[in-house]
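Undergrad: Please find final08.txt (compact mmCIF, C-alpha atoms and all ligand atoms) on the next line:
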# COMPACT_ATOMS: atom_id res chain seq x y z
CA MET A 1 14.22 70.06 6.24
CA GLY A 2 17.46 70.07 4.23
CA ALA A 3 20.81 71.60 5.18
CA LEU A 4 20.67 73.80 2.06
CA ASP A 5 16.98 74.73 1.95
CA GLY A 6 16.48 77.92 -0.06
CA LYS A 7 20.11 78.20 -1.16
CA ILE A 8 21.15 78.83 -4.76
CA ALA A 9 24.31 77.02 -5.89
CA VAL A 10 26.43 76.92 -9.04
CA VAL A 11 28.54 73.81 -9.63
CA THR A 12 31.08 74.05 -12.45
CA GLY A 13 31.91 70.78 -14.19
CA GLY A 14 28.60 69.33 -13.03
CA THR A 15 28.14 67.12 -16.08
CA SER A 16 29.92 64.11 -14.54
CA GLY A 17 31.89 62.71 -11.62
CA ILE A 18 32.39 64.75 -8.47
CA GLY A 19 30.48 67.77 -9.80
CA GLU A 20 27.47 65.62 -10.65
CA GLY A 21 27.66 64.05 -7.18
CA VAL A 22 27.80 67.49 -5.53
CA ALA A 23 24.82 68.68 -7.60
CA LYS A 24 22.76 65.62 -6.61
CA ALA A 25 23.57 66.02 -2.91
CA PHE A 26 22.80 69.75 -2.99
CA VAL A 27 19.40 69.11 -4.61
CA LEU A 28 18.62 66.45 -1.98
CA GLU A 29 19.48 69.00 0.73
CA GLY A 30 17.02 71.52 -0.72
CA ALA A 31 19.23 73.79 -2.87
CA LYS A 32 18.41 75.04 -6.33
CA VAL A 33 21.42 74.13 -8.47
CA VAL A 34 22.87 75.37 -11.75
CA ILE A 35 25.44 73.04 -13.26
CA THR A 36 27.88 73.95 -16.00
CA GLY A 37 30.14 72.09 -18.38
CA ARG A 38 30.96 71.96 -22.06
CA ARG A 39 28.89 68.84 -22.88
CA GLU A 40 25.38 70.02 -23.70
CA GLU A 41 23.83 66.54 -24.01
CA GLU A 42 25.01 65.41 -20.55
CA GLY A 43 23.92 68.71 -19.00
CA ARG A 44 20.43 68.56 -20.52
CA ALA A 45 20.03 64.92 -19.43
CA LEU A 46 20.88 65.86 -15.84
CA GLU A 47 18.32 68.68 -15.93
CA LYS A 48 15.68 66.00 -16.39
CA GLN A 49 17.23 63.35 -14.12
CA ILE A 50 18.09 65.35 -11.01
CA GLY A 51 16.21 68.63 -11.38
CA VAL A 52 19.11 71.05 -11.92
CA ARG A 53 19.43 73.82 -14.52
CA PHE A 54 22.28 73.60 -17.05
CA VAL A 55 24.36 76.41 -18.56
CA ARG A 56 26.92 75.51 -21.19
CA ALA A 57 30.13 77.20 -20.08
CA ASP A 58 33.85 76.68 -20.54
CA VAL A 59 35.52 77.87 -17.32
CA ALA A 60 38.65 78.93 -19.21
CA ILE A 61 36.61 81.55 -21.14
CA GLU A 62 35.78 84.65 -19.14
CA ALA A 63 32.63 85.53 -21.11
CA ASP A 64 31.23 82.02 -20.39
CA VAL A 65 31.92 82.32 -16.66
CA ARG A 66 30.31 85.78 -16.52
CA ALA A 67 27.27 84.44 -18.39
CA MET A 68 27.03 81.45 -15.99
CA VAL A 69 26.75 83.82 -13.00
CA ASP A 70 24.43 86.25 -14.83
CA LYS A 71 22.09 83.44 -15.87
CA THR A 72 21.92 82.11 -12.30
CA VAL A 73 21.05 85.58 -10.96
CA GLU A 74 18.46 86.03 -13.72
CA TRP A 75 16.80 82.71 -12.80
CA PHE A 76 17.09 82.75 -9.03
CA GLY A 77 18.07 86.26 -7.93
CA ARG A 78 21.22 85.33 -5.98
CA VAL A 79 24.22 83.00 -5.64
CA ASP A 80 24.79 81.49 -2.20
CA CYS A 81 27.39 78.94 -3.18
CA LEU A 82 29.86 78.48 -6.03
CA VAL A 83 31.62 75.14 -6.35
CA ASN A 84 34.67 75.56 -8.60
CA ASN A 85 34.92 71.90 -9.52
CA ALA A 86 35.66 71.82 -13.28
CA GLY A 87 39.09 70.40 -13.89
CA ILE A 88 41.14 68.32 -16.29
CA PRO A 89 43.97 65.84 -15.75
CA SER A 90 47.38 66.11 -17.35
CA PRO A 91 49.47 63.38 -18.94
CA MET A 92 52.11 61.65 -16.80
CA THR A 93 54.94 63.26 -18.78
CA SER A 94 58.51 63.62 -17.51
CA ILE A 95 59.33 67.17 -16.35
CA THR A 96 62.01 67.18 -19.07
CA GLU A 97 59.41 66.63 -21.78
CA ILE A 98 56.45 68.80 -20.84
CA ASP A 99 55.29 71.02 -23.70
CA VAL A 100 54.08 74.60 -23.29
CA ALA A 101 50.67 73.94 -24.86
CA THR A 102 49.89 71.31 -22.20
CA ILE A 103 51.05 73.59 -19.37
CA ASP A 104 48.82 76.41 -20.66
CA GLN A 105 45.81 74.15 -21.18
CA ILE A 106 45.92 72.64 -17.69
CA LEU A 107 46.48 75.98 -15.98
CA ALA A 108 43.76 77.67 -18.07
CA VAL A 109 41.11 75.26 -16.83
CA ASN A 110 42.33 74.28 -13.35
CA VAL A 111 43.61 77.67 -12.19
CA ARG A 112 42.29 80.43 -14.45
CA GLY A 113 38.84 78.80 -14.32
CA VAL A 114 38.79 78.96 -10.52
CA VAL A 115 40.02 82.57 -10.44
CA LEU A 116 37.34 83.59 -12.96
CA GLY A 117 34.61 81.78 -11.02
CA ILE A 118 35.47 83.68 -7.86
CA LYS A 119 35.93 86.95 -9.76
CA HIS A 120 32.41 86.84 -11.20
CA ALA A 121 30.49 85.29 -8.30
CA ALA A 122 32.09 87.49 -5.64
CA PRO A 123 30.35 90.77 -6.60
CA VAL A 124 26.96 89.05 -6.27
CA MET A 125 27.94 87.50 -2.94
CA ILE A 126 29.39 90.83 -1.70
CA SER A 127 26.08 92.55 -2.44
CA GLN A 128 24.34 89.82 -0.38
CA ARG A 129 27.05 90.07 2.31
CA SER A 130 27.10 86.26 2.33
CA GLY A 131 28.27 83.35 0.25
CA SER A 132 30.36 80.22 0.25
CA VAL A 133 32.95 79.43 -2.41
CA ILE A 134 34.19 75.85 -2.51
CA ASN A 135 37.20 75.11 -4.68
CA ILE A 136 38.08 71.54 -5.57
CA GLY A 137 41.80 70.97 -5.05
CA SER A 138 43.48 67.59 -4.79
CA VAL A 139 45.81 65.60 -2.58
CA ALA A 140 48.18 66.01 -5.56
CA GLY A 141 48.53 69.65 -4.47
CA ILE A 142 49.92 68.70 -1.08
CA ARG A 143 52.00 65.58 -1.78
CA GLY A 144 54.45 64.79 -4.56
CA GLY A 145 54.32 61.51 -6.40
CA ILE A 146 50.55 61.26 -6.62
CA SER A 147 49.82 62.71 -10.03
CA ALA A 148 51.32 64.54 -13.02
CA HIS A 149 53.56 67.60 -12.49
CA ILE A 150 51.40 70.32 -13.99
CA TYR A 151 48.20 68.87 -12.51
CA SER A 152 49.89 68.87 -9.07
CA ALA A 153 51.09 72.44 -9.59
CA SER A 154 47.61 73.54 -10.65
CA LYS A 155 46.01 72.05 -7.54
CA GLY A 156 48.65 73.60 -5.26
CA ALA A 157 47.69 76.91 -6.87
CA VAL A 158 44.01 76.28 -6.10
CA GLN A 159 44.85 75.67 -2.44
CA ALA A 160 46.94 78.87 -2.25
CA LEU A 161 44.26 80.88 -4.07
CA THR A 162 41.70 79.61 -1.56
CA ARG A 163 43.67 81.11 1.35
CA SER A 164 44.38 84.32 -0.52
CA ALA A 165 40.76 84.90 -1.61
CA ALA A 166 39.53 83.94 1.89
CA ALA A 167 41.62 86.78 3.33
CA GLU A 168 39.93 89.39 1.15
CA LEU A 169 36.41 88.02 0.89
CA GLY A 170 36.14 86.85 4.51
CA GLU A 171 36.01 90.51 5.54
CA LYS A 172 32.92 90.86 3.35
CA GLY A 173 31.05 87.89 4.79
CA ILE A 174 32.07 85.39 2.11
CA ARG A 175 33.82 82.17 3.02
CA VAL A 176 36.29 80.55 0.61
CA ASN A 177 37.34 76.98 1.29
CA CYS A 178 38.84 74.08 -0.59
CA ILE A 179 38.13 70.35 -0.62
CA SER A 180 41.07 68.19 -1.63
CA PRO A 181 39.82 64.78 -2.75
CA GLY A 182 41.97 61.68 -2.64
CA ALA A 183 41.39 58.90 -5.14
CA ILE A 184 37.76 59.15 -6.24
CA VAL A 185 36.08 56.88 -8.78
CA THR A 186 35.23 59.05 -11.79
CA GLY A 187 35.89 59.17 -15.52
CA ILE A 188 38.88 61.52 -15.15
CA PHE A 189 41.32 58.60 -15.29
CA GLY A 190 39.77 57.19 -18.48
CA LYS A 191 39.91 60.69 -19.99
CA ASN A 192 43.61 60.89 -19.11
CA ALA A 193 44.05 57.51 -20.81
CA GLY A 194 42.59 59.01 -24.00
CA LEU A 195 38.97 57.80 -23.88
CA GLU A 196 36.22 60.11 -25.12
CA GLY A 197 34.55 61.93 -22.18
CA SER A 198 31.21 60.18 -21.91
CA LYS A 199 32.69 56.75 -22.55
CA ALA A 200 35.32 57.43 -19.85
CA ASP A 201 32.53 58.37 -17.41
CA ARG A 202 31.03 54.89 -17.90
CA ALA A 203 34.35 52.99 -17.79
CA THR A 204 35.11 53.23 -14.07
CA GLY A 205 35.14 49.55 -13.02
CA VAL A 206 38.94 49.19 -13.11
CA VAL A 207 39.40 52.46 -11.23
CA LYS A 208 37.02 51.34 -8.47
CA GLU A 209 38.91 48.10 -8.04
CA ARG A 210 42.35 49.81 -7.98
CA PHE A 211 41.28 52.51 -5.55
CA ALA A 212 39.76 50.07 -3.05
CA THR A 213 43.10 49.33 -1.40
CA ILE A 214 45.23 52.48 -1.60
CA GLN A 215 44.13 54.16 1.65
CA PRO A 216 43.32 52.92 5.15
CA ILE A 217 39.54 53.06 4.58
CA PRO A 218 39.06 49.76 2.76
CA ARG A 219 36.98 50.94 -0.18
CA ALA A 220 37.32 53.32 -3.08
CA GLY A 221 36.39 56.98 -2.62
CA LEU A 222 33.16 58.03 -4.32
CA PRO A 223 31.82 61.36 -5.59
CA ASP A 224 29.33 61.40 -2.72
CA ASP A 225 32.21 61.39 -0.20
CA ILE A 226 33.26 64.76 -1.63
CA ALA A 227 29.65 65.90 -2.00
CA GLN A 228 28.97 65.46 1.73
CA ALA A 229 31.96 67.67 2.62
CA ALA A 230 30.67 70.22 0.10
CA VAL A 231 27.21 70.15 1.72
CA PHE A 232 28.87 71.05 5.04
CA LEU A 233 30.89 73.91 3.52
CA ALA A 234 27.84 75.26 1.68
CA SER A 235 25.65 75.10 4.79
CA ASP A 236 25.29 77.65 7.57
CA GLY A 237 26.78 75.04 9.93
CA SER A 238 30.23 75.89 8.57
CA GLY A 239 29.75 79.65 9.11
CA PHE A 240 33.12 80.07 10.90
CA VAL A 241 35.15 77.86 8.55
CA ASN A 242 37.17 80.01 6.14
CA GLY A 243 40.38 79.61 4.14
CA GLN A 244 40.63 75.90 4.89
CA ASP A 245 41.52 72.88 2.82
CA ILE A 246 39.46 69.88 3.89
CA VAL A 247 41.22 66.72 2.77
CA VAL A 248 38.78 63.89 1.96
CA ASP A 249 41.01 60.97 1.09
CA GLY A 250 40.26 58.04 3.41
CA GLY A 251 43.52 58.83 5.24
CA MET A 252 45.78 58.46 2.20
CA THR A 253 47.95 61.53 2.78
CA SER A 254 48.20 61.29 6.56
CA VAL A 255 49.59 57.76 6.66
CA THR A 256 52.49 56.14 4.88
CA ARG A 257 50.80 52.72 4.78
CA GLY A 258 47.98 50.83 6.46
CA TRP A 259 48.18 49.40 10.01
CA SER A 260 48.22 45.75 8.88
CA ALA A 261 51.29 46.46 6.72
CA ILE A 262 53.00 48.24 9.65
CA VAL A 263 52.27 45.37 12.06
CA ALA A 264 53.52 42.80 9.56
CA GLY A 265 56.63 44.90 8.79
CA ARG A 266 57.46 45.36 12.50
CA ALA A 267 56.96 41.65 13.22
CA GLU A 268 59.29 40.76 10.36
CA MET A 269 61.92 43.29 11.56
CA ALA A 270 61.70 41.96 15.15
CA ARG A 271 62.23 38.42 13.82
CA LEU A 272 65.28 39.52 11.78
CA ILE A 273 66.77 41.48 14.74
CA LYS A 274 66.48 38.42 17.02
CA GLU A 275 67.93 36.19 14.33
CA ALA A 276 70.90 38.57 13.84
CA ALA A 277 71.37 38.85 17.63
CA THR A 278 72.01 35.10 17.97
CA THR A 279 75.42 35.64 16.32
CA LEU A 280 76.47 38.50 18.68
P1 LIG B 1 35.33 64.34 -14.39
O1 LIG B 1 34.20 63.40 -14.20
O2 LIG B 1 36.11 64.27 -15.64
O3 LIG B 1 34.75 65.79 -14.20
C1 LIG B 1 35.33 66.93 -14.70
C2 LIG B 1 34.24 67.94 -14.97
O4 LIG B 1 34.85 69.16 -15.38
C3 LIG B 1 33.31 67.50 -16.07
O5 LIG B 1 32.00 67.81 -15.70
C4 LIG B 1 33.72 68.34 -17.26
O6 LIG B 1 32.58 68.63 -18.04
C5 LIG B 1 34.22 69.59 -16.57
N1 LIG B 1 35.17 70.35 -17.36
C6 LIG B 1 36.39 69.97 -17.82
N2 LIG B 1 36.95 70.97 -18.50
C7 LIG B 1 36.08 72.01 -18.47
C8 LIG B 1 36.08 73.33 -18.98
N3 LIG B 1 37.11 73.81 -19.70
N4 LIG B 1 35.01 74.13 -18.73
C9 LIG B 1 33.97 73.66 -18.03
N5 LIG B 1 33.90 72.43 -17.52
C10 LIG B 1 34.95 71.62 -17.73
O7 LIG B 1 36.39 64.22 -13.22
P2 LIG B 1 36.25 64.40 -11.63
O8 LIG B 1 37.16 63.41 -11.05
O9 LIG B 1 34.83 64.44 -11.21
O10 LIG B 1 36.91 65.83 -11.45
C11 LIG B 1 36.26 66.90 -10.80
C12 LIG B 1 37.29 67.72 -10.06
O11 LIG B 1 37.85 66.93 -9.01
C13 LIG B 1 38.47 68.15 -10.92
O12 LIG B 1 38.85 69.48 -10.59
C14 LIG B 1 39.56 67.18 -10.53
O13 LIG B 1 40.85 67.71 -10.75
C15 LIG B 1 39.25 67.00 -9.06
N6 LIG B 1 39.83 65.82 -8.43
C16 LIG B 1 39.46 64.57 -8.80
C17 LIG B 1 40.02 63.47 -8.16
C18 LIG B 1 39.64 62.04 -8.51
O14 LIG B 1 40.30 61.11 -7.98
N7 LIG B 1 38.62 61.82 -9.31
C19 LIG B 1 40.96 63.65 -7.15
C20 LIG B 1 41.32 64.93 -6.80
C21 LIG B 1 40.74 66.01 -7.43
P3 LIG B 1 32.57 68.79 -19.63
O15 LIG B 1 33.40 67.67 -20.18
O16 LIG B 1 31.11 68.70 -19.93
O17 LIG B 1 33.12 70.14 -19.90
Would you put the structure from the file into structure tokens?

TA:
Amino acid sequence: MGALDGKIAVVTGGTSGIGEGVAKAFVLEGAKVVITGRREEEGRALEKQIGVRFVRADVAIEADVRAMVDKTVEWFGRVDCLVNNAGIPSPMTSITEIDVATIDQILAVNVRGVVLGIKHAAPVMISQRSGSVINIGSVAGIRGGISAHIYSASKGAVQALTRSAAAELGEKGIRVNCISPGAIVTGIFGKNAGLEGSKADRATGVVKERFATIQPIPRAGLPDDIAQAAVFLASDGSGFVNGQDIVVDGGMTSVTRGWSAIVAGRAEMARLIKEAATTL
């Protein structure tokens, strides 16, 4: 028996990375899953590989988001879970040089897309008097100095929207939560470096190596780490969890540096204090 037996889920941005990982985990747990994205070829391939249905949809376009929900209801009759995962990175530009087109593009996908997802899935969930919305935020929304300015702002907005929507929809039996991933090995970093999408999705070796040492857990974060938190939030086991941001980052944001570095730093400071004290 799976944790999501009989549930119907929509995962936006399911054509790669975290969204693909969430879709796989949901299928393994017994859910029927509709993935969306703009890349038709990747979506169709995943239909065959992991047994999901694909709808081509750009989350920044309201008609696409409405059609994504309508299609899911036409196929399966309901929507138990919406994972608002689709997102794009932004260039590491100085705040003094950011251009308006970039601001609008990032916010259109990362913020407007999430608002539209909730707007169109909520009426279906309200009529069921149940549902779980899971927004994908980021540690960049809660700490400065992790990612680009507009990306960070967009993820902070997703976290705030989660709380705001949870206040309204919670009264109607719908839970709205957020997962804020830390550094997860996906193609998003290659895409930000200018690689074409599908090539970036395959070029993750360097990212995996870099991310292995930047948090206390001594390995890189993987899409399945986020997927397992999503399984919990989609399942009935999280029935009293609402308006929360679950940070899945191997401890990155709750520590300033790893224990070994602290021990070594303290030992060095103790040595220097004693050395200085000999002259007192
Ligand atoms: P990814 O592999 O590039 O996935 C992004 C997904 O979003 C792709 O499936 C892409 O599909 C889709 N997408 C992008 N723009 C879209 C649009 N306008 N309409 C519909 N779909 C769109 O990167 P990822 O790392 O898995 O990112 C997934 C989410 O996690 C994002 O919201 C990201 O900000 C967040 N996140 C990632 C990390 C990390 O370290 N990887 C950390 C924190 C948060 P198409 O190209 O087919 O449209």

Undergrad: For Ile246 in chain A, list every protein, DNA or RNA residue within 12 Å, evaluated using all atoms listed in the file, and leave out those in the same chain fewer than 2 positions away; present the list as a PyMOL selection string.

TA: chain A and resi 134-139+142+159+162+176-182+225-226+228-230+232-233+238+241-244+248-251+253

Undergrad: Figure out the distance between CA of Lys24 in chain A and atom O5 of ligand LIG 1 (chain B), please, to one decimal in Å.

TA: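 Between atom O5 of ligand LIG 1 (chain B) and CA of Lys24 in chain A the gap works out to 13.1 Å.
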
Undergrad: Using only C-alpha atoms and all ligand atoms for the distances, tell me which of A:Glu74, A:Asp80, A:Asp224, A:Glu29 is nearest to ligand LIG 1 (chain B).

TA: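 Of A:Glu74, A:Asp80, A:Asp224, A:Glu29, the one nearest ligand LIG 1 (chain B), counting only C-alpha atoms and all ligand atoms, is A:Asp224.
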
Undergrad: Taking only C-alpha atoms and all ligand atoms into account, list the residues no farther than 6 Å from ligand LIG 1 (chain B), as a PDB file with C-alpha atoms, in the frame of the given file.

TA:
ATOM      1  CA  GLY A  13      31.910  70.780 -14.190  1.00  0.00           C
ATOM      2  CA  GLY A  14      28.600  69.330 -13.030  1.00  0.00           C
ATOM      3  CA  THR A  15      28.140  67.120 -16.080  1.00  0.00           C
ATOM      4  CA  SER A  16      29.920  64.110 -14.540  1.00  0.00           C
ATOM      5  CA  GLY A  17      31.890  62.710 -11.620  1.00  0.00           C
ATOM      6  CA  ILE A  18      32.390  64.750  -8.470  1.00  0.00           C
ATOM      7  CA  GLY A  19      30.480  67.770  -9.800  1.00  0.00           C
ATOM      8  CA  GLY A  37      30.140  72.090 -18.380  1.00  0.00           C
ATOM      9  CA  ARG A  38      30.960  71.960 -22.060  1.00  0.00           C
ATOM     10  CA  ARG A  39      28.890  68.840 -22.880  1.00  0.00           C
ATOM     11  CA  ALA A  57      30.130  77.200 -20.080  1.00  0.00           C
ATOM     12  CA  ASP A  58      33.850  76.680 -20.540  1.00  0.00           C
ATOM     13  CA  VAL A  59      35.520  77.870 -17.320  1.00  0.00           C
ATOM     14  CA  ALA A  60      38.650  78.930 -19.210  1.00  0.00           C
ATOM     15  CA  ASN A  85      34.920  71.900  -9.520  1.00  0.00           C
ATOM     16  CA  ALA A  86      35.660  71.820 -13.280  1.00  0.00           C
ATOM     17  CA  GLY A  87      39.090  70.400 -13.890  1.00  0.00           C
ATOM     18  CA  ILE A  88      41.140  68.320 -16.290  1.00  0.00           C
ATOM     19  CA  VAL A 109      41.110  75.260 -16.830  1.00  0.00           C
ATOM     20  CA  ILE A 136      38.080  71.540  -5.570  1.00  0.00           C
ATOM     21  CA  GLY A 137      41.800  70.970  -5.050  1.00  0.00           C
ATOM     22  CA  SER A 138      43.480  67.590  -4.790  1.00  0.00           C
ATOM     23  CA  PRO A 181      39.820  64.780  -2.750  1.00  0.00           C
ATOM     24  CA  GLY A 182      41.970  61.680  -2.640  1.00  0.00           C
ATOM     25  CA  ALA A 183      41.390  58.900  -5.140  1.00  0.00           C
ATOM     26  CA  ILE A 184      37.760  59.150  -6.240  1.00  0.00           C
ATOM     27  CA  VAL A 185      36.080  56.880  -8.780  1.00  0.00           C
ATOM     28  CA  THR A 186      35.230  59.050 -11.790  1.00  0.00           C
ATOM     29  CA  GLY A 187      35.890  59.170 -15.520  1.00  0.00           C
ATOM     30  CA  ILE A 188      38.880  61.520 -15.150  1.00  0.00           C
TER      31      ILE A 188
END

Undergrad: Using Å and a single decimal, report how far CA of Val114 in chain A sits from CA of Ala31 in chain A.

TA: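 If I compute the distance from CA of Ala31 in chain A to CA of Val114 in chain A, I get 21.6 Å.
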
Undergrad: Residues within 12 Å of Ser147 in chain A, please, as a list of chain:residue names. Count all atoms listed in the file; anything in the same chain fewer than 2 positions from it doesn't count.

TA: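 That gives A:Pro89, A:Ser90, A:Pro91, A:Met92, A:Thr93, A:Ser94, A:Ser138, A:Val139, A:Ala140, A:Gly141, A:Ile142, A:Arg143, A:Gly144, A:Gly145, A:His149, A:Ile150, A:Tyr151, A:Ser152, A:Ala153, A:Ser154, A:Lys155, A:Gly156, A:Gly182, A:Ala183, A:Phe189, A:Asn192.
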
Undergrad: Would you mind listing what lies within 7 Å of range 116-132 of chain A as an MDAnalysis selection string, with only C-alpha atoms counted and same-chain residues fewer than 5 positions away left out?

TA: chainID A and resid 62 65:66 69 78:82 84 172:176 234

Undergrad: Can you spit out the residues from that selection as a CSV table (one decimal), in the coordinates of the input, using C-alpha atoms?

TA:
chain,number,residue,atom,x,y,z
A,62,GLU,CA,35.8,84.6,-19.1
A,65,VAL,CA,31.9,82.3,-16.7
A,66,ARG,CA,30.3,85.8,-16.5
A,69,VAL,CA,26.8,83.8,-13.0
A,78,ARG,CA,21.2,85.3,-6.0
A,79,VAL,CA,24.2,83.0,-5.6
A,80,ASP,CA,24.8,81.5,-2.2
A,81,CYS,CA,27.4,78.9,-3.2
A,82,LEU,CA,29.9,78.5,-6.0
A,84,ASN,CA,34.7,75.6,-8.6
A,172,LYS,CA,32.9,90.9,3.4
A,173,GLY,CA,31.0,87.9,4.8
A,174,ILE,CA,32.1,85.4,2.1
A,175,ARG,CA,33.8,82.2,3.0
A,176,VAL,CA,36.3,80.6,0.6
A,234,ALA,CA,27.8,75.3,1.7

Undergrad: Between A:Ala45, A:Glu171, A:Ile146, A:Ser235, which residue has the minimum interatomic distance to Ala9 in chain A, considering all atoms listed in the file?

TA: A:Ser235
